[in-house]
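A short write-up of the structure that comes next.
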Amino acid sequence: MKTYKVGDIVDIKGNGAVQKGMPYKVYHGKTGRVYNVTQRALGVIVNKRVRGKIIPKRINIRIEHVTHSKCREDFLRRVKQNEKLRAEAKEKNLNISLKRQPAQPRPAHIVSGSEEPVRLAPIPYEFIA
């Protein structure tokens, strides 16, 4: 069994093998934050869209229907890596940028083909009466 604490981010995924404490179908696949922990269930705050408004809803779900969300793993890994890079830069007296960079365009290259390209042409329409 996993341990859940107040403030954890969880994904809601209804498990059909356990009908008790199952979330309503609207919440399946949603991500929320734990606000209450009991022996067998969790209180989760989930955003629900109602007629153009987003309302934070508080729902109670059994622990069989939730899993820890992996949405923060990348962020936490990046924080650790940035701390390490910052410490190395401070030792070497360098000024580095720790911001994420978007994927850059691929470098230019020349395509050289030894074969002639295949030319396609449409087939004329034949009317059969």
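FYI, nothing fancy with the structure tokens labels: chains A, B, ... in order, residues from 1 per chain, ligands from 1 as they appear.
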
Taking 2 positions as the minimum chain separation for residues in the same chain, which residues sit within 12 Å of Ser97 in chain A when counting only C-alpha atoms? Answer as a JSON list (two decimals) with all heavy atoms, in the first residue's frame.
```
[["chain", "number", "residue", "atom", "x", "y", "z"],
["A", 82, "ASN", "N", 19.51, 21.44, -11.55],
["A", 82, "ASN", "CA", 19.86, 22.86, -11.55],
["A", 82, "ASN", "C", 20.70, 23.23, -10.33],
["A", 82, "ASN", "O", 21.62, 24.05, -10.43],
["A", 82, "ASN", "CB", 18.60, 23.73, -11.60],
["A", 82, "ASN", "CG", 17.98, 23.76, -12.98],
["A", 82, "ASN", "OD1", 18.56, 23.28, -13.93],
["A", 82, "ASN", "ND2", 16.80, 24.33, -13.07],
["A", 85, "LEU", "N", 24.18, 22.06, -11.14],
["A", 85, "LEU", "CA", 24.82, 22.94, -12.12],
["A", 85, "LEU", "C", 25.19, 24.29, -11.51],
["A", 85, "LEU", "O", 26.24, 24.85, -11.81],
["A", 85, "LEU", "CB", 23.90, 23.14, -13.32],
["A", 85, "LEU", "CG", 23.69, 21.93, -14.23],
["A", 85, "LEU", "CD1", 22.62, 22.21, -15.26],
["A", 85, "LEU", "CD2", 24.99, 21.56, -14.92],
["A", 86, "ARG", "N", 24.31, 24.81, -10.65],
["A", 86, "ARG", "CA", 24.57, 26.10, -10.01],
["A", 86, "ARG", "C", 25.80, 26.01, -9.11],
["A", 86, "ARG", "O", 26.65, 26.91, -9.09],
["A", 86, "ARG", "CB", 23.35, 26.53, -9.20],
["A", 86, "ARG", "CG", 23.49, 27.91, -8.60],
["A", 86, "ARG", "CD", 22.26, 28.35, -7.83],
["A", 86, "ARG", "NE", 21.21, 28.75, -8.76],
["A", 86, "ARG", "CZ", 19.98, 28.24, -8.80],
["A", 86, "ARG", "NH1", 19.64, 27.29, -7.96],
["A", 86, "ARG", "NH2", 19.10, 28.66, -9.66],
["A", 89, "ALA", "N", 28.92, 25.88, -11.30],
["A", 89, "ALA", "CA", 29.20, 27.19, -11.90],
["A", 89, "ALA", "C", 29.76, 28.16, -10.86],
["A", 89, "ALA", "O", 30.62, 28.99, -11.18],
["A", 89, "ALA", "CB", 27.93, 27.76, -12.51],
["A", 94, "LEU", "N", 31.46, 30.93, -13.14],
["A", 94, "LEU", "CA", 30.82, 31.09, -14.44],
["A", 94, "LEU", "C", 29.40, 31.59, -14.27],
["A", 94, "LEU", "O", 28.77, 31.39, -13.22],
["A", 94, "LEU", "CB", 30.78, 29.75, -15.19],
["A", 94, "LEU", "CG", 32.11, 29.16, -15.63],
["A", 94, "LEU", "CD1", 31.89, 27.77, -16.21],
["A", 94, "LEU", "CD2", 32.76, 30.06, -16.67],
["A", 95, "ASN", "N", 28.88, 32.22, -15.33],
["A", 95, "ASN", "CA", 27.49, 32.66, -15.33],
["A", 95, "ASN", "C", 26.73, 31.79, -16.33],
["A", 95, "ASN", "O", 26.97, 31.89, -17.53],
["A", 95, "ASN", "CB", 27.40, 34.15, -15.71],
["A", 95, "ASN", "CG", 26.02, 34.71, -15.50],
["A", 95, "ASN", "OD1", 25.16, 34.04, -14.92],
["A", 95, "ASN", "ND2", 25.80, 35.92, -15.96],
["A", 99, "LYS", "N", 17.48, 28.16, -17.45],
["A", 99, "LYS", "CA", 16.14, 28.10, -18.02],
["A", 99, "LYS", "C", 16.04, 26.96, -19.03],
["A", 99, "LYS", "O", 17.01, 26.61, -19.68],
["A", 99, "LYS", "CB", 15.81, 29.42, -18.72],
["A", 99, "LYS", "CG", 15.67, 30.58, -17.77],
["A", 99, "LYS", "CD", 15.28, 31.80, -18.55],
["A", 99, "LYS", "CE", 15.11, 32.99, -17.63],
["A", 99, "LYS", "NZ", 14.73, 34.20, -18.38],
["A", 100, "ARG", "N", 14.83, 26.43, -19.17],
["A", 100, "ARG", "CA", 14.59, 25.40, -20.18],
["A", 100, "ARG", "C", 14.62, 26.04, -21.56],
["A", 100, "ARG", "O", 14.12, 27.14, -21.75],
["A", 100, "ARG", "CB", 13.23, 24.74, -19.98],
["A", 100, "ARG", "CG", 13.16, 23.88, -18.75],
["A", 100, "ARG", "CD", 11.80, 23.27, -18.61],
["A", 100, "ARG", "NE", 10.84, 24.28, -18.20],
["A", 100, "ARG", "CZ", 9.53, 24.11, -18.14],
["A", 100, "ARG", "NH1", 9.01, 22.96, -18.48],
["A", 100, "ARG", "NH2", 8.74, 25.07, -17.75],
["A", 101, "GLN", "N", 15.20, 25.35, -22.50],
["A", 101, "GLN", "CA", 15.27, 25.84, -23.87],
["A", 101, "GLN", "C", 14.37, 24.98, -24.75],
["A", 101, "GLN", "O", 14.38, 23.76, -24.64],
["A", 101, "GLN", "CB", 16.71, 25.77, -24.40],
["A", 101, "GLN", "CG", 17.67, 26.67, -23.66],
["A", 101, "GLN", "CD", 17.32, 28.14, -23.82],
["A", 101, "GLN", "OE1", 16.92, 28.58, -24.89],
["A", 101, "GLN", "NE2", 17.44, 28.88, -22.74]]
```

In range 1-123 of chain A, DSSP strand (DSSP E) residues written as a ChimeraX atom specification: /A:9-12,31-37,41-50,53-62,66-68

Once you have the residues from the selection above, write them out as a compact mmCIF listing (two decimals), in the first residue's frame, restricted to N, CA, C and O atoms.
```txt
# COMPACT_ATOMS: atom_id res chain seq x y z
N ILE A 9 -0.17 15.17 -4.78
CA ILE A 9 -0.92 15.26 -6.03
C ILE A 9 -1.21 13.84 -6.49
O ILE A 9 -0.30 13.01 -6.58
N VAL A 10 -2.51 13.54 -6.75
CA VAL A 10 -2.92 12.18 -7.11
C VAL A 10 -3.74 12.19 -8.39
O VAL A 10 -4.38 13.18 -8.72
N ASP A 11 -3.67 11.07 -9.12
CA ASP A 11 -4.49 10.86 -10.31
C ASP A 11 -5.65 9.96 -9.91
O ASP A 11 -5.46 8.95 -9.23
N ILE A 12 -6.85 10.31 -10.37
CA ILE A 12 -8.04 9.52 -10.05
C ILE A 12 -8.29 8.55 -11.20
O ILE A 12 -8.38 8.95 -12.35
N THR A 31 -6.73 14.94 -12.15
CA THR A 31 -5.66 15.05 -11.16
C THR A 31 -6.10 16.03 -10.09
O THR A 31 -6.66 17.08 -10.41
N GLY A 32 -5.84 15.69 -8.83
CA GLY A 32 -6.24 16.57 -7.74
C GLY A 32 -5.22 16.54 -6.62
O GLY A 32 -4.22 15.83 -6.67
N ARG A 33 -5.52 17.34 -5.58
CA ARG A 33 -4.63 17.47 -4.43
C ARG A 33 -5.34 16.94 -3.19
O ARG A 33 -6.50 17.26 -2.94
N VAL A 34 -4.63 16.13 -2.40
CA VAL A 34 -5.21 15.53 -1.20
C VAL A 34 -5.37 16.59 -0.12
O VAL A 34 -4.44 17.33 0.18
N TYR A 35 -6.59 16.66 0.46
CA TYR A 35 -6.82 17.60 1.57
C TYR A 35 -7.21 16.89 2.86
O TYR A 35 -7.20 17.48 3.93
N ASN A 36 -7.56 15.59 2.77
CA ASN A 36 -7.96 14.86 3.96
C ASN A 36 -7.57 13.39 3.79
O ASN A 36 -7.71 12.83 2.70
N VAL A 37 -7.06 12.78 4.86
CA VAL A 37 -6.66 11.38 4.82
C VAL A 37 -7.36 10.64 5.95
O VAL A 37 -7.32 11.07 7.10
N ALA A 41 -9.71 5.95 2.91
CA ALA A 41 -10.11 6.87 1.84
C ALA A 41 -9.32 8.17 1.90
O ALA A 41 -8.61 8.44 2.87
N LEU A 42 -9.45 8.94 0.84
CA LEU A 42 -8.79 10.25 0.74
C LEU A 42 -9.83 11.30 0.36
O LEU A 42 -10.75 11.02 -0.40
N GLY A 43 -9.65 12.50 0.86
CA GLY A 43 -10.40 13.64 0.38
C GLY A 43 -9.53 14.35 -0.64
O GLY A 43 -8.37 14.66 -0.37
N VAL A 44 -10.07 14.57 -1.85
CA VAL A 44 -9.29 15.14 -2.93
C VAL A 44 -10.01 16.37 -3.49
O VAL A 44 -11.22 16.34 -3.68
N ILE A 45 -9.25 17.44 -3.72
CA ILE A 45 -9.79 18.64 -4.37
C ILE A 45 -9.51 18.52 -5.85
O ILE A 45 -8.35 18.41 -6.27
N VAL A 46 -10.59 18.52 -6.67
CA VAL A 46 -10.47 18.36 -8.12
C VAL A 46 -11.21 19.51 -8.79
O VAL A 46 -12.27 19.93 -8.32
N ASN A 47 -10.65 20.04 -9.87
CA ASN A 47 -11.33 21.09 -10.63
C ASN A 47 -12.34 20.45 -11.57
O ASN A 47 -12.03 19.51 -12.28
N LYS A 48 -13.58 21.01 -11.57
CA LYS A 48 -14.64 20.53 -12.46
C LYS A 48 -15.18 21.71 -13.25
O LYS A 48 -15.45 22.76 -12.68
N ARG A 49 -15.33 21.52 -14.55
CA ARG A 49 -15.83 22.59 -15.41
C ARG A 49 -17.34 22.49 -15.47
O ARG A 49 -17.90 21.47 -15.86
N VAL A 50 -18.03 23.58 -15.08
CA VAL A 50 -19.48 23.63 -15.11
C VAL A 50 -19.90 24.90 -15.83
O VAL A 50 -19.73 26.00 -15.33
N LYS A 53 -17.41 27.74 -16.11
CA LYS A 53 -16.71 28.06 -14.86
C LYS A 53 -15.96 26.83 -14.39
O LYS A 53 -16.40 25.71 -14.60
N ILE A 54 -14.84 27.03 -13.73
CA ILE A 54 -14.10 25.92 -13.13
C ILE A 54 -14.29 25.99 -11.63
O ILE A 54 -13.91 26.98 -10.99
N ILE A 55 -14.91 24.94 -11.08
CA ILE A 55 -15.24 24.91 -9.66
C ILE A 55 -14.37 23.86 -8.97
O ILE A 55 -14.32 22.71 -9.41
N PRO A 56 -13.66 24.24 -7.89
CA PRO A 56 -12.92 23.22 -7.13
C PRO A 56 -13.88 22.37 -6.30
O PRO A 56 -14.60 22.90 -5.46
N LYS A 57 -13.94 21.07 -6.58
CA LYS A 57 -14.85 20.17 -5.88
C LYS A 57 -14.06 19.33 -4.89
O LYS A 57 -12.93 18.92 -5.17
N ARG A 58 -14.65 19.05 -3.75
CA ARG A 58 -14.05 18.19 -2.74
C ARG A 58 -14.76 16.85 -2.78
O ARG A 58 -15.95 16.78 -2.50
N ILE A 59 -14.04 15.80 -3.15
CA ILE A 59 -14.65 14.47 -3.23
C ILE A 59 -13.87 13.50 -2.36
O ILE A 59 -12.68 13.68 -2.11
N ASN A 60 -14.58 12.47 -1.89
CA ASN A 60 -13.97 11.43 -1.07
C ASN A 60 -13.90 10.15 -1.88
O ASN A 60 -14.90 9.70 -2.43
N ILE A 61 -12.70 9.57 -1.96
CA ILE A 61 -12.46 8.39 -2.78
C ILE A 61 -11.65 7.38 -1.97
O ILE A 61 -10.75 7.77 -1.22
N ARG A 62 -11.95 6.10 -2.16
CA ARG A 62 -11.12 5.09 -1.52
C ARG A 62 -9.76 5.03 -2.21
O ARG A 62 -9.62 5.38 -3.38
N VAL A 66 -7.03 5.73 -6.54
CA VAL A 66 -6.09 6.82 -6.78
C VAL A 66 -4.66 6.28 -6.87
O VAL A 66 -4.35 5.22 -6.33
N THR A 67 -3.82 7.01 -7.60
CA THR A 67 -2.39 6.69 -7.67
C THR A 67 -1.62 8.00 -7.55
O THR A 67 -2.15 9.07 -7.88
N HIS A 68 -0.39 7.92 -7.09
CA HIS A 68 0.45 9.11 -7.02
C HIS A 68 0.68 9.63 -8.43
O HIS A 68 0.99 8.87 -9.34
```

Between CA of Gly7 in chain A and CA of Arg72 in chain A, distance in Å (one decimal): 12.5 Å

Which of range 61-100 of chain A DSSP labels alpha helix (DSSP H), written as a tab-separated table (two decimals) with C-alpha atoms, in the first residue's frame:
```
chain	number	residue	atom	x	y	z
A	73	GLU	CA	8.78	14.01	-11.10
A	74	ASP	CA	10.24	15.93	-14.05
A	75	PHE	CA	10.12	19.20	-12.11
A	76	LEU	CA	11.83	17.73	-9.02
A	77	ARG	CA	14.50	16.07	-11.17
A	78	ARG	CA	15.15	19.39	-12.93
A	79	VAL	CA	15.43	21.22	-9.58
A	80	LYS	CA	18.11	18.77	-8.37
A	81	GLN	CA	20.00	19.04	-11.65
A	82	ASN	CA	19.86	22.86	-11.55
A	83	GLU	CA	21.18	22.91	-7.97
A	84	LYS	CA	24.11	20.74	-9.06
A	85	LEU	CA	24.82	22.94	-12.12
A	86	ARG	CA	24.57	26.10	-10.01
A	87	ALA	CA	27.10	24.72	-7.49
A	88	GLU	CA	29.55	23.76	-10.28
A	89	ALA	CA	29.20	27.19	-11.90
A	90	LYS	CA	29.79	28.92	-8.57
A	91	GLU	CA	33.04	26.96	-8.07
A	92	LYS	CA	34.29	27.89	-11.55
```

For Gly14 in chain A: contacts at 7 Å, only C-alpha atoms, fewer than 4 positions along chain excluded, given as JSON, numbers by chain: {"A": [22, 23, 28, 65]}

Selected residues, N, CA and C atoms, written as an mmCIF file, in the first residue's frame, please.
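Generated file (out.cif):
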```cif
data_model
loop_
_atom_site.group_PDB
_atom_site.id
_atom_site.type_symbol
_atom_site.label_atom_id
_atom_site.label_comp_id
_atom_site.auth_asym_id
_atom_site.auth_seq_id
_atom_site.Cartn_x
_atom_site.Cartn_y
_atom_site.Cartn_z
ATOM 1 N N MET A 22 -16.087 4.480 -5.065
ATOM 2 C CA MET A 22 -15.674 4.756 -6.434
ATOM 3 C C MET A 22 -16.041 6.193 -6.816
ATOM 4 N N PRO A 23 -15.170 6.882 -7.551
ATOM 5 C CA PRO A 23 -15.493 8.251 -7.957
ATOM 6 C C PRO A 23 -16.540 8.259 -9.074
ATOM 7 N N HIS A 28 -12.987 10.577 -13.484
ATOM 8 C CA HIS A 28 -12.027 9.572 -13.941
ATOM 9 C C HIS A 28 -10.981 10.229 -14.845
ATOM 10 N N HIS A 65 -8.734 3.697 -5.795
ATOM 11 C CA HIS A 65 -9.066 4.437 -7.011
ATOM 12 C C HIS A 65 -8.133 5.612 -7.280
#
```

CA of Lys70 in chain A to CA of Gly16 in chain A, distance in Å rounded to a single decimal: 22.2 Å

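Between CA of Ser69 in chain A and CA of Gly52 in chain A the separation is 26.0 Å.
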